[in-house]
Amino acid sequence: MRNSSDISSFLSVEGSETDYLIQIRSLQECICDLLFRNQALRMELMERQQRQLGASTALRQNNKGDPMSQLFNKVAIVTGGSRGIGAAIAKHLAADGASIAITYTKGAEAAASVVKEIERAGTRAIAIQADAADADAVTDAVEKAVATFGRLDVLVNNAGTAIPKSFAETTLEDMDRMIDINVRGVFVATQAALKYMSDGGRIINIGSSVGERMMTPGLVAYSATKGAVKMFTQGLSREVGSRGITVNNVQPGPIDTDLNPAAGDWAEPQLAATALKRYGHVDEVAALVSFIASPGAAYITGANLTVDGGTNA
Ligand SMILES: NC(=O)c1ccc[n+]([C@@H]2O[C@H](COP(=O)([O-])OP(=O)(O)OC[C@H]3O[C@@H](n4cnc5c(N)ncnc54)[C@H](OP(=O)(O)O)[C@@H]3O)[C@@H](O)[C@H]2O)c1
């Protein structure tokens, strides 16, 4: 007697007292067997729960080279990754397990030190000199990254510049420079990257909170270029969504970098416009980029996400 149908048949048995005793012993064995199997099932369930807990802990720890890292075996390009926000993004994505290619223009030493820091922490990285305003250099940089690491999953269009001036003082050369790096550079890098990008990849643009709402003077031309990045993001998300590729625009507010120092001439009105009454840290932008690059953000696309201390609230 081994299961419940055997037990049912036992209840309908007719016969001698010995037959009943045999059947009762058999029933006892059956109950023991069921209890044992129940216990075994409970143990298996507990082990499974522990395995799941272990997996999520491993994800949180972001161990490099660990198959459970959220960007394990993925490759990311971060333009303008030698300093400031771009360097922080490169390090965060590397900590999530990705191999990293950064671009820069003049700061070869700063770029090399970001690469070293990433390598010391256990992930692969290269630095490529490529001015975002030079279409051929940008295309070559994308191809070199793919040739080095064998694939491409994430492009972060971070390289950008601002030339803060009153509108009256802004020259056509200033405007052209900002368009070339902030808009044309994004166009070129994205088109080159999409040729190689895996399905399910990520394009993450670093726009600006001023691309959506303007709270301070001196950034007319710059904000126009970041407004263009916003609409570029939304438009492109419609064209690559069928490949599972997401396109999002991270819009920092005032973040303390060489470009926008918290102690700089233009800082006071920017600080005053924040709800949190402080400049942001580069890691606070990189943390959001890291999330958007992760598998958990697969259903976020065409979005403009501000990290601005409440500037645009
Ligand atoms: N900081 C802020 O408050 C703030 C706010 C909103 C948006 N943003 C945006 O965030 C991005 C990064 O800004 P950031 O403050 O980190 O700037 P940053 O401190 O000036 O750093 C700029 C980085 O980009 C590189 N870079 C500059 N021009 C380049 C070009 N033409 N081609 C390729 N790389 C170039 C620099 O490398 P080299 O040293 O080699 O030139 C450096 O690695 C920009 O798109 C910016 O518009 C910043």
# chains A, B, ... in the order shown; residues from 1 in each chain; ligands from 1
call {"tool": "residues_around", "arguments": {"residues": "segment 86-100 of chain A", "least_positions_apart": "3", "cutoff": "6 Å", "atoms": "only C-alpha atoms", "output": "ChimeraX atom specification"}}
result
/A:62,64,69-72,74-77,80-83,123-125,158,283,286,290
call {"tool": "closest_atom_pairs", "arguments": {"of": "chain A", "to": "ligand 1", "cutoff": "6 Å", "atoms": "only C-alpha atoms and all ligand atoms", "output": "Markdown table"}}
result
| residue | atom | partner | partner_atom_place_in_ligand_line | distance |
| --- | --- | --- | --- | --- |
| A:Thr79 | CA | ligand 1 | 34 (N) | 5.8 |
| A:Gly80 | CA | ligand 1 | 24 (O) | 3.3 |
| A:Gly81 | CA | ligand 1 | 43 (O) | 4.5 |
| A:Ser82 | CA | ligand 1 | 43 (O) | 3.7 |
| A:Arg83 | CA | ligand 1 | 43 (O) | 4.0 |
| A:Gly84 | CA | ligand 1 | 16 (O) | 3.5 |
| A:Ile85 | CA | ligand 1 | 16 (O) | 3.8 |
| A:Gly86 | CA | ligand 1 | 16 (O) | 5.6 |
| A:Thr103 | CA | ligand 1 | 34 (N) | 5.8 |
| A:Tyr104 | CA | ligand 1 | 40 (O) | 3.9 |
| A:Thr105 | CA | ligand 1 | 40 (O) | 3.6 |
| A:Lys106 | CA | ligand 1 | 40 (O) | 3.7 |
| A:Gly107 | CA | ligand 1 | 40 (O) | 3.7 |
| A:Ala130 | CA | ligand 1 | 33 (C) | 5.7 |
| A:Asp131 | CA | ligand 1 | 32 (N) | 3.6 |
| A:Ala132 | CA | ligand 1 | 32 (N) | 3.7 |
| A:Ala133 | CA | ligand 1 | 31 (N) | 5.5 |
| A:Asn158 | CA | ligand 1 | 45 (O) | 4.7 |
| A:Ala159 | CA | ligand 1 | 24 (O) | 4.3 |
| A:Gly160 | CA | ligand 1 | 45 (O) | 3.4 |
| A:Thr161 | CA | ligand 1 | 47 (O) | 5.0 |
| A:Ile181 | CA | ligand 1 | 31 (N) | 5.4 |
| A:Ile206 | CA | ligand 1 | 45 (O) | 5.3 |
| A:Gly207 | CA | ligand 1 | 7 (C) | 5.5 |
| A:Ser208 | CA | ligand 1 | 6 (C) | 4.1 |
| A:Pro252 | CA | ligand 1 | 6 (C) | 4.2 |
| A:Gly253 | CA | ligand 1 | 5 (C) | 4.8 |
| A:Pro254 | CA | ligand 1 | 3 (O) | 3.7 |
| A:Ile255 | CA | ligand 1 | 3 (O) | 3.7 |
| A:Asp256 | CA | ligand 1 | 1 (N) | 5.7 |
| A:Thr257 | CA | ligand 1 | 19 (O) | 4.5 |
| A:Asp258 | CA | ligand 1 | 19 (O) | 4.2 |
| A:Leu259 | CA | ligand 1 | 20 (O) | 4.0 |
| A:Asn260 | CA | ligand 1 | 1 (N) | 4.7 |
call {"tool": "select_by_dssp", "arguments": {"residues": "segment 23-264 of chain A", "states": "strand (DSSP E or B)", "output": "ChimeraX atom specification"}}
result
/A:75-78,99-104,125-129,152-157,197-206,246-252,255
call {"tool": "closest_residue", "arguments": {"among": "A:Ala162, A:Ile203, A:Leu271, A:Ile102", "to": "Gly218 of chain A", "atoms": "only C-alpha atoms"}}
result
A:Ala162
call {"tool": "closest_residue", "arguments": {"among": "A:Ile292, A:Asp134, A:Ala168, A:Thr311", "to": "Val186 of chain A", "atoms": "only C-alpha atoms"}}
result
A:Asp134
call {"tool": "closest_residue", "arguments": {"among": "A:Val240, A:Arg202, A:Gly122, A:Ile128", "to": "Ala110 of chain A", "atoms": "only C-alpha atoms"}}
result
A:Ile128
call {"tool": "residues_around", "arguments": {"residues": "Ser166 of chain A", "least_positions_apart": "2", "cutoff": "12 Å", "atoms": "only C-alpha atoms", "output": "ChimeraX atom specification"}}
result
/A:163-164,168-171,174,216-222,266
call {"tool": "residues_around", "arguments": {"residues": "Ser198 of chain A", "least_positions_apart": "2", "cutoff": "8 Å", "atoms": "only C-alpha atoms", "output": "PyMOL selection string"}}
result
chain A and resi 151-153+196+200-201
call {"tool": "write_last_selection", "arguments": {"atoms": "N, CA and C atoms", "output": "PDB file, in the first residue's frame"}}
result
ATOM      1  N   ARG A 151      31.249  42.218 -28.945  1.00  0.00           N
ATOM      2  CA  ARG A 151      29.813  42.483 -28.991  1.00  0.00           C
ATOM      3  C   ARG A 151      29.540  43.883 -28.437  1.00  0.00           C
ATOM      4  N   LEU A 152      28.283  44.309 -28.482  1.00  0.00           N
ATOM      5  CA  LEU A 152      27.919  45.610 -27.900  1.00  0.00           C
ATOM      6  C   LEU A 152      26.484  45.531 -27.369  1.00  0.00           C
ATOM      7  N   ASP A 153      26.341  45.918 -26.124  1.00  0.00           N
ATOM      8  CA  ASP A 153      25.012  45.833 -25.495  1.00  0.00           C
ATOM      9  C   ASP A 153      24.486  47.178 -25.001  1.00  0.00           C
ATOM     10  N   TYR A 196      25.808  47.142 -34.491  1.00  0.00           N
ATOM     11  CA  TYR A 196      26.370  45.989 -33.777  1.00  0.00           C
ATOM     12  C   TYR A 196      25.572  45.608 -32.536  1.00  0.00           C
ATOM     13  N   GLY A 200      17.728  43.649 -27.415  1.00  0.00           N
ATOM     14  CA  GLY A 200      17.602  43.829 -25.964  1.00  0.00           C
ATOM     15  C   GLY A 200      18.624  44.806 -25.411  1.00  0.00           C
ATOM     16  N   GLY A 201      19.346  45.500 -26.308  1.00  0.00           N
ATOM     17  CA  GLY A 201      20.389  46.435 -25.851  1.00  0.00           C
ATOM     18  C   GLY A 201      19.816  47.725 -25.283  1.00  0.00           C
TER      19      GLY A 201
END
call {"tool": "select_by_dssp", "arguments": {"residues": "segment 55-226 of chain A", "states": "alpha helix (DSSP H)", "output": "PyMOL selection string"}}
result
chain A and resi 55-61+84-95+108-120+135-149+172-178+185-194+220-226
call {"tool": "closest_residue", "arguments": {"among": "A:Gln270, A:Thr306, A:Asn157, A:Ser209", "to": "Phe187 of chain A", "atoms": "only C-alpha atoms"}}
result
A:Asn157
call {"tool": "atom_distance", "arguments": {"atom1": "atom CA of Ile300 of chain A", "atom2": "atom CA of Ala192 of chain A"}}
result
22.6 Å
call {"tool": "residues_around", "arguments": {"residues": "Leu305 of chain A", "least_positions_apart": "3", "cutoff": "7 Å", "atoms": "only C-alpha atoms", "output": "PyMOL selection string"}}
result
chain A and resi 249-251
call {"tool": "atom_distance", "arguments": {"atom1": "atom CA of Lys230 of chain A", "atom2": "atom CA of Ala313 of chain A"}}
result
17.6 Å
call {"tool": "atom_distance", "arguments": {"atom1": "atom CA of Met178 of chain A", "atom2": "atom CA of Val156 of chain A"}}
result
17.8 Å
call {"tool": "residues_around", "arguments": {"residues": "Lys277 of chain A", "least_positions_apart": "2", "cutoff": "12 Å", "atoms": "only C-alpha atoms", "output": "list in words"}}
result
Gly253, Pro254, Ala262, Ala267, Glu268, Pro269, Gln270, Leu271, Ala272, Ala273, Thr274, Ala275, Tyr279, Gly280, Asp308, Gly309, Gly310 and Thr311 of chain A
